[in-house]
Each structure stands twice: as structure tokens, then as C-alpha cells.
Amino acid sequence: MISSLKQSTVTITGSGTLRPKSPLRTPQFSVLPPLPAAKTRRNAILALAKPLYVSSIEGFGFKRHDQKHPLITCKAYEADQSEPIEQKQTPAEAARKVKIGVYFATWWALNVVFNIYNKKVLNAFPFPWLTSTLSLAAGSLIMLISWALKVAEAPNTDFEFWKTLFPVAVAHTIGHVAATVSMSKVAVSFTHIIKSGEPAFSVLVSRFILGETFPAAVYLSLVPIIGGCGLAALTELNFNMIGFMGAMISNLAFVFRNIFSKRGMKGKSVSGMNYYACLSILSLLILTPFAIAVEGPQLWAVGWKNAISQIGPHFIWWVAAQSVSYMSLDEISPLTFSIGNTMKRISVIVSSIIIFRTPVQPVNALGAAIAILGTFLYSQAKQ
């Protein structure tokens with residue numbers, strides 16, 4: 001709301017109270033200049049060339065109009081300022097920012113840990129279907145225990161909720177398994193470079209299947225994404241078609257997961273961490289029979305013995321670390337998430353190259369940088 005104040009009719013007191021004042025006779029050629037910001041006067045008549053933005057109104061009501069009980073107490077700031085004057089941060093807001101910071105750091109660290117230990121497990125135990133199942137099982141178990149111990153409030157769900165969640169869980173399961181298969185065949189860095197092309201799939205599916213349109217900046221951001229991913233794929237030293245297709249299928253599946261979630265789950269009471277926990281539980285139920293059919297307990301037993309004999313007891317800790325770290329936190333804003341997701345991908349790529357000593361050509365690194373930059377530009381264009 002914009003309030004224009006005439007110099008002859010309004011007095012602003014030191015407490016920020018607007019009070020009517022009888023008109024003052026002034027010569028026609030005289031104009032009172034605006035008061036300097038540094039000066040403060042108890043009762044000053046202001047001539048304002050700029051409008052005031054009213055930020056809050058206090059004490060409005062049917063009170064007696066006298067010195068002790070003003071009709072309206074108004075706090076305002078000039079039009080050329082972007083923030084109200086003397087705006088102080090409340091303790092609740094400060095605590096919320098600290099909480100978001102902790103969540104963000106935890107989410108970032110757990111994602112890096114998950115990718116590193118997931119690759120270590122897959123190198124020693126090349127069974128991506130079982131590895132994916134263990135990740136979902138660990139996350140689901142943690143949330144079930146949290147609900148049972150009242151650490152987290154259990155969601156209130158019904159049959160209609162799980163029915164609506166089912167297609168989301170199917171897409172989530174496919175995307176999760178495909179990404180794990182990709183990491184079992186190629187370097188972690190290469191998988192994440194290809195997965196940075198997910199925005200391109202999102203825009204193409206939304207445009208040609210759903211008929212949605214986007215600003216020109218969104219379409220332009222796809223150029224470095226597609227070009228960077230293509231350059232990285234062509235110059236990858238340890239290229240594997242199964243690994244490449246796994247990352248591409250994962251991108252497509254996660255795009256449909258987001259579409260199903262946005263359309264089907266709109267208006268549902270379950271959100272945040274509880275929503276992701278329910279998604280993991282349902283995905284676990286979907287994935288388990290397929291994992292048994294594709295790989296089977298006999299192959300798992302043989303692979304487990306070989307991994308223990310080659311690595312030792314450390315392998316058990318690797319499995320636990322990659323499983324627990326799968327449950328990431330999502331209590332951060334969309335803008336912070338978009339920036340953090342870009343930085344997280346960079347961290348995963350760089351840390352995996354260092355830890356696993358992945359050979360990287362300069363052209364390959366350039367392609368990765370271009371693709372990640374395009375992903376960041378896309379996230380900003382979508383805001």
C-alpha cells in the first residue's frame with residue numbers, strides 16, 4: 001500500500017504516530033524540503049516528494065483521540081528503500097535460519113558420502129539391484145523407528161494417498177536403480193555429468209508431452225547442458241554404453257516422478273521428509289521382488305563372500321554408510337536447493353575423481369563444467 005502525505009495535514013511524532021494537524025498558512029512560493037535522514041525531531045512537519053510504503057499499522061481501533069491513545073500508529077519507509085527502517089530479526093527467524101543451515105549441510109554431506117561409499121560397495125560387490133534395495137530398506141527402517149519412538153510425527157495417510165503415490169514410486173524406483181546400475185559400470189563423475197542433463201529431459205517432456213511453455217531463458221540454458229554432456233560423453237576415457245544409458249534412463253524416470261508428484265500429490269497433507277519416507281517404503285516394496293528375480297540370493301551370497309575376503313570387515317561399514325546416507329533432508333527453500341544441488345554435484349564429481357583417481361582429460365573436464373553451468377543457469381531461469 002502506498003500512502004502519499006501532504007505537508008499541511010500530517011504530523012509525524014517521534015513514536016511514529018500519524019496525527020491530523022490543522023492546515024498551516026505558508027507563502028505560495030515556499031516549499032519545505034525533505035528532512036535529512038540523520039535528523040530526528042519530536043514533532044516535525046514533513047513535505048514528502050516520494051510516497052511512503054506502509055510496512056505495519058498498530059493500535060487501529062475505536063480509541064479516544066488524545067495524546068495517550070492515538071488512532072493509528074504507522075511504520076513506513078521511503079519508496080527508494082527496499083527494506084523497512086529499523087527492521088529487526090526475531091529470535092525465531094534466526095533459529096529457523098540456523099536450522100535450515102544445519103539441514104543444508106547435512107543434506108550436502110550425506111549425498112557426497114552416499115555416492116562415494118555406493119561406488120566402493122559396487123566395486124567390491126557388483127550387484128546394483130541389491131545395493132539399491134538396501135538403500136531404500138535402510139532409509140525406510142530409520143523413518144519407521146523415528147515414527148515409533150515419536151522422534152518424528154507419523155503421517156496421516158489413507159488408501160487414496162498410497163494409490164496416488166504408486167506411479168510416483170514406480171518412477172522413483174526406476175530412476176534409483178538405473179542410476180545405481182550406471183555407477184556400477186562407469187565412474188561416479190561420469191554418471192553425475194550425464195545426470196546434470198536432467199533439466200533438458202524435464203523441459204522436452206513438459207513441452208512436447210504436456211504442452212507446457214517456458215521463457216526463452218530456460219530454452220537457452222539447455223544449450224550448455226546438452227553441449228556439455230555431449231562433450232563429456234565423447235571424451236570419456238572409460239565409456240560404457242550400459243552406464244551411459246543407465247544415467248539417461250534415470251534422468252527420464254526422475255522427470256516423470258516429478259510430474260506425477262506435482263499433479264497427483266497436489267493438496268495432500270503429507271509433505272517434506274514424511275512424503276519422501278512414504279515414497280521410499282513403497283519403492284522398497286516394488287523393487288524387492290524384481291531384485292530377487294534379476295540377481296537372486298545365490299549370487300548375493302557368493303558376491304558377499306568375495307567382498308569380505310578381498311576387503312575385510314570394512315566392507316560391512318561401507319554398506320551401512322551408503323545405505324543410511326541415502327535418506328537426505330529437504331527442509332530448504334527451492335532457491336537454496338537449486339544452488340546447493342549444483343554445488344553438491346560439483347562436490348561429488350571432484351571428490352570422486354580424487355578418491356578413485358579417475359583419469360580426466362582437459363576436454364572432458366571442460367564438458368563437465370559447461371554442463372554444470374548450464375544446470376545452474378536453468379535453475380535460476382526457472383525461479
# chains A, B, ... in the order shown; residues from 1 in each chain; ligands from 1
$ residues_around --residues "A:Val255" --least-positions-apart "5" --cutoff "12 Å" --atoms "only C-alpha atoms" --output "JSON, numbers by chain"
{"A": [168, 171, 172, 174, 175, 195, 197, 198, 199, 200, 201, 202, 203, 204, 205, 206, 248, 249, 250, 260, 261, 262]}
$ write_last_selection --atoms "N, CA, C and O atoms" --output "PDB file, in the first residue's frame"
ATOM      1  N   VAL A 168       4.246 -42.454  -8.701  1.00  0.00           N
ATOM      2  CA  VAL A 168       5.439 -41.696  -8.298  1.00  0.00           C
ATOM      3  C   VAL A 168       6.523 -42.663  -7.830  1.00  0.00           C
ATOM      4  O   VAL A 168       7.701 -42.517  -8.181  1.00  0.00           O
ATOM      5  N   ALA A 171       8.196 -44.603 -10.800  1.00  0.00           N
ATOM      6  CA  ALA A 171       9.207 -43.782 -11.481  1.00  0.00           C
ATOM      7  C   ALA A 171      10.437 -43.586 -10.604  1.00  0.00           C
ATOM      8  O   ALA A 171      11.577 -43.612 -11.098  1.00  0.00           O
ATOM      9  N   HIS A 172      10.223 -43.406  -9.304  1.00  0.00           N
ATOM     10  CA  HIS A 172      11.346 -43.227  -8.379  1.00  0.00           C
ATOM     11  C   HIS A 172      12.207 -44.494  -8.325  1.00  0.00           C
ATOM     12  O   HIS A 172      13.442 -44.412  -8.315  1.00  0.00           O
ATOM     13  N   ILE A 174      12.556 -46.850 -10.679  1.00  0.00           N
ATOM     14  CA  ILE A 174      13.298 -46.993 -11.939  1.00  0.00           C
ATOM     15  C   ILE A 174      14.492 -46.046 -11.974  1.00  0.00           C
ATOM     16  O   ILE A 174      15.611 -46.429 -12.350  1.00  0.00           O
ATOM     17  N   GLY A 175      14.262 -44.797 -11.586  1.00  0.00           N
ATOM     18  CA  GLY A 175      15.357 -43.823 -11.589  1.00  0.00           C
ATOM     19  C   GLY A 175      16.468 -44.179 -10.631  1.00  0.00           C
ATOM     20  O   GLY A 175      17.662 -44.015 -10.941  1.00  0.00           O
ATOM     21  N   LYS A 195      23.845 -37.031 -15.482  1.00  0.00           N
ATOM     22  CA  LYS A 195      22.642 -36.724 -14.715  1.00  0.00           C
ATOM     23  C   LYS A 195      22.398 -35.221 -14.592  1.00  0.00           C
ATOM     24  O   LYS A 195      21.283 -34.802 -14.290  1.00  0.00           O
ATOM     25  N   GLY A 197      22.155 -33.446 -16.978  1.00  0.00           N
ATOM     26  CA  GLY A 197      21.307 -33.149 -18.119  1.00  0.00           C
ATOM     27  C   GLY A 197      19.829 -33.377 -17.865  1.00  0.00           C
ATOM     28  O   GLY A 197      19.018 -33.260 -18.794  1.00  0.00           O
ATOM     29  N   GLU A 198      19.449 -33.672 -16.627  1.00  0.00           N
ATOM     30  CA  GLU A 198      18.032 -33.901 -16.301  1.00  0.00           C
ATOM     31  C   GLU A 198      17.126 -32.722 -16.666  1.00  0.00           C
ATOM     32  O   GLU A 198      15.996 -32.933 -17.127  1.00  0.00           O
ATOM     33  N   PRO A 199      17.553 -31.449 -16.479  1.00  0.00           N
ATOM     34  CA  PRO A 199      16.676 -30.344 -16.886  1.00  0.00           C
ATOM     35  C   PRO A 199      16.270 -30.390 -18.351  1.00  0.00           C
ATOM     36  O   PRO A 199      15.151 -29.990 -18.701  1.00  0.00           O
ATOM     37  N   ALA A 200      17.163 -30.863 -19.219  1.00  0.00           N
ATOM     38  CA  ALA A 200      16.817 -30.960 -20.636  1.00  0.00           C
ATOM     39  C   ALA A 200      15.662 -31.942 -20.842  1.00  0.00           C
ATOM     40  O   ALA A 200      14.722 -31.670 -21.612  1.00  0.00           O
ATOM     41  N   PHE A 201      15.704 -33.072 -20.159  1.00  0.00           N
ATOM     42  CA  PHE A 201      14.600 -34.028 -20.237  1.00  0.00           C
ATOM     43  C   PHE A 201      13.315 -33.421 -19.692  1.00  0.00           C
ATOM     44  O   PHE A 201      12.228 -33.622 -20.246  1.00  0.00           O
ATOM     45  N   SER A 202      13.428 -32.685 -18.604  1.00  0.00           N
ATOM     46  CA  SER A 202      12.249 -32.070 -17.989  1.00  0.00           C
ATOM     47  C   SER A 202      11.560 -31.104 -18.939  1.00  0.00           C
ATOM     48  O   SER A 202      10.331 -31.123 -19.090  1.00  0.00           O
ATOM     49  N   VAL A 203      12.350 -30.250 -19.582  1.00  0.00           N
ATOM     50  CA  VAL A 203      11.775 -29.265 -20.499  1.00  0.00           C
ATOM     51  C   VAL A 203      11.177 -29.947 -21.724  1.00  0.00           C
ATOM     52  O   VAL A 203      10.063 -29.602 -22.161  1.00  0.00           O
ATOM     53  N   LEU A 204      11.884 -30.920 -22.297  1.00  0.00           N
ATOM     54  CA  LEU A 204      11.403 -31.583 -23.503  1.00  0.00           C
ATOM     55  C   LEU A 204      10.114 -32.362 -23.240  1.00  0.00           C
ATOM     56  O   LEU A 204       9.171 -32.319 -24.042  1.00  0.00           O
ATOM     57  N   VAL A 205      10.068 -33.078 -22.125  1.00  0.00           N
ATOM     58  CA  VAL A 205       8.858 -33.837 -21.788  1.00  0.00           C
ATOM     59  C   VAL A 205       7.688 -32.888 -21.511  1.00  0.00           C
ATOM     60  O   VAL A 205       6.565 -33.106 -21.993  1.00  0.00           O
ATOM     61  N   SER A 206       7.952 -31.831 -20.748  1.00  0.00           N
ATOM     62  CA  SER A 206       6.894 -30.880 -20.422  1.00  0.00           C
ATOM     63  C   SER A 206       6.389 -30.155 -21.664  1.00  0.00           C
ATOM     64  O   SER A 206       5.195 -29.857 -21.781  1.00  0.00           O
ATOM     65  N   MET A 248      20.938 -41.944 -18.408  1.00  0.00           N
ATOM     66  CA  MET A 248      19.899 -41.316 -19.226  1.00  0.00           C
ATOM     67  C   MET A 248      18.505 -41.783 -18.802  1.00  0.00           C
ATOM     68  O   MET A 248      17.569 -40.973 -18.688  1.00  0.00           O
ATOM     69  N   ILE A 249      18.345 -43.081 -18.557  1.00  0.00           N
ATOM     70  CA  ILE A 249      17.055 -43.612 -18.095  1.00  0.00           C
ATOM     71  C   ILE A 249      16.705 -43.033 -16.731  1.00  0.00           C
ATOM     72  O   ILE A 249      15.538 -42.716 -16.448  1.00  0.00           O
ATOM     73  N   SER A 250      17.698 -42.888 -15.863  1.00  0.00           N
ATOM     74  CA  SER A 250      17.474 -42.290 -14.549  1.00  0.00           C
ATOM     75  C   SER A 250      16.956 -40.857 -14.682  1.00  0.00           C
ATOM     76  O   SER A 250      16.029 -40.450 -13.971  1.00  0.00           O
ATOM     77  N   PHE A 260       4.461 -36.734 -11.977  1.00  0.00           N
ATOM     78  CA  PHE A 260       3.417 -37.468 -11.255  1.00  0.00           C
ATOM     79  C   PHE A 260       3.208 -36.894  -9.856  1.00  0.00           C
ATOM     80  O   PHE A 260       2.076 -36.796  -9.375  1.00  0.00           O
ATOM     81  N   SER A 261       4.304 -36.527  -9.206  1.00  0.00           N
ATOM     82  CA  SER A 261       4.209 -35.975  -7.854  1.00  0.00           C
ATOM     83  C   SER A 261       3.512 -34.622  -7.862  1.00  0.00           C
ATOM     84  O   SER A 261       2.653 -34.345  -7.020  1.00  0.00           O
ATOM     85  N   LYS A 262       3.866 -33.779  -8.829  1.00  0.00           N
ATOM     86  CA  LYS A 262       3.283 -32.438  -8.900  1.00  0.00           C
ATOM     87  C   LYS A 262       1.796 -32.487  -9.202  1.00  0.00           C
ATOM     88  O   LYS A 262       1.004 -31.723  -8.636  1.00  0.00           O
TER      89      LYS A 262
END
$ residues_around --residues "A:Ala152" --least-positions-apart "6" --cutoff "9 Å" --atoms "only C-alpha atoms" --output "PyMOL selection string"
chain A and resi 143+146+274
$ residues_around --residues "A:Asn240" --least-positions-apart "3" --cutoff "9 Å" --atoms "only C-alpha atoms" --output "ChimeraX atom specification"
/A:182,185-186,243-245
$ closest_residue --among "A:Ser132, A:Leu299, A:Gln380, A:Ala178" --to "A:Gly246" --atoms "only C-alpha atoms"
A:Ala178
$ closest_residue --among "A:Leu279, A:Val319, A:Ile292, A:Leu130" --to "A:Lys163" --atoms "only C-alpha atoms"
A:Leu279
$ closest_residue --among "A:Val360, A:Ile281, A:Ser352, A:Thr235" --to "A:Ser140" --atoms "only C-alpha atoms"
A:Ile281
$ closest_residue --among "A:Ile226, A:Ala124, A:Gly296, A:Gln383" --to "A:Gln310" --atoms "only C-alpha atoms"
A:Ala124
$ atom_distance --atom1 "atom CA of A:Leu122" --atom2 "atom CA of A:Phe376"
29.4 Å
$ select_by_dssp --residues "stretch 73-158 of chain A" --states "strand (DSSP E or B)" --output "mmCIF file with N, CA, C and O atoms, in the first residue's frame"
data_model
loop_
_atom_site.group_PDB
_atom_site.id
_atom_site.type_symbol
_atom_site.label_atom_id
_atom_site.label_comp_id
_atom_site.auth_asym_id
_atom_site.auth_seq_id
_atom_site.Cartn_x
_atom_site.Cartn_y
_atom_site.Cartn_z
ATOM 1 N N THR A 73 -0.964 4.027 14.675
ATOM 2 C CA THR A 73 0.490 4.086 14.736
ATOM 3 C C THR A 73 1.027 3.395 13.491
ATOM 4 O O THR A 73 0.764 2.220 13.280
ATOM 5 N N CYS A 74 1.751 4.122 12.684
ATOM 6 C CA CYS A 74 2.159 3.630 11.365
ATOM 7 C C CYS A 74 3.674 3.610 11.253
ATOM 8 O O CYS A 74 4.341 4.579 11.603
ATOM 9 N N LYS A 75 4.200 2.503 10.771
ATOM 10 C CA LYS A 75 5.628 2.384 10.483
ATOM 11 C C LYS A 75 5.780 2.335 8.959
ATOM 12 O O LYS A 75 5.157 1.520 8.296
ATOM 13 N N ALA A 76 6.621 3.220 8.416
ATOM 14 C CA ALA A 76 6.737 3.317 6.968
ATOM 15 C C ALA A 76 8.181 3.547 6.572
ATOM 16 O O ALA A 76 9.027 3.882 7.393
ATOM 17 N N TYR A 77 8.453 3.351 5.279
ATOM 18 C CA TYR A 77 9.784 3.624 4.750
ATOM 19 C C TYR A 77 9.637 4.235 3.368
ATOM 20 O O TYR A 77 8.632 4.040 2.684
ATOM 21 N N GLU A 78 10.657 5.005 2.947
ATOM 22 C CA GLU A 78 10.568 5.726 1.692
ATOM 23 C C GLU A 78 10.597 4.781 0.496
ATOM 24 O O GLU A 78 11.082 3.666 0.569
#
$ atom_distance --atom1 "atom CA of A:Leu285" --atom2 "atom CA of A:Asn258"
19.9 Å
$ atom_distance --atom1 "atom CA of A:Ile354" --atom2 "atom CA of A:Ile100"
29.2 Å
$ closest_residue --among "A:Phe166, A:Phe214, A:Phe190, A:Phe161" --to "A:Gly228" --atoms "only C-alpha atoms"
A:Phe190
$ select_by_dssp --residues "stretch 192-353 of chain A" --states "alpha helix (DSSP H)" --output "PyMOL selection string"
chain A and resi 192-195+198-208+216-234+241-264+272-294+297-311+314-324+334-353
$ closest_residue --among "A:Ser184, A:Thr342, A:Asn123, A:Thr358" --to "A:Ile311" --atoms "only C-alpha atoms"
A:Asn123
$ residues_around --residues "A:Val348" --least-positions-apart "4" --cutoff "10 Å" --atoms "only C-alpha atoms" --output "NGL selection string"
:A and (108-109 or 111-116 or 188-189 or 192 or 343-344 or 352-354)
$ write_last_selection --atoms "C-alpha atoms" --output "tab-separated table (two decimals), in the first residue's frame"
chain	number	residue	atom	x	y	z
A	108	TRP	CA	25.07	-31.95	1.20
A	109	ALA	CA	27.42	-34.16	3.26
A	111	ASN	CA	24.82	-37.02	-0.61
A	112	VAL	CA	28.58	-36.93	-1.06
A	113	VAL	CA	29.07	-39.80	1.40
A	114	PHE	CA	26.36	-41.86	-0.28
A	115	ASN	CA	27.89	-41.55	-3.74
A	116	ILE	CA	31.43	-42.34	-2.58
A	188	VAL	CA	30.81	-41.66	-10.41
A	189	SER	CA	31.90	-38.42	-12.02
A	192	HIS	CA	26.76	-37.24	-12.42
A	343	MET	CA	27.34	-27.24	-5.72
A	344	LYS	CA	26.64	-30.74	-4.45
A	352	SER	CA	35.08	-38.99	-6.62
A	353	ILE	CA	37.84	-38.06	-9.07
A	354	ILE	CA	40.26	-37.51	-6.19
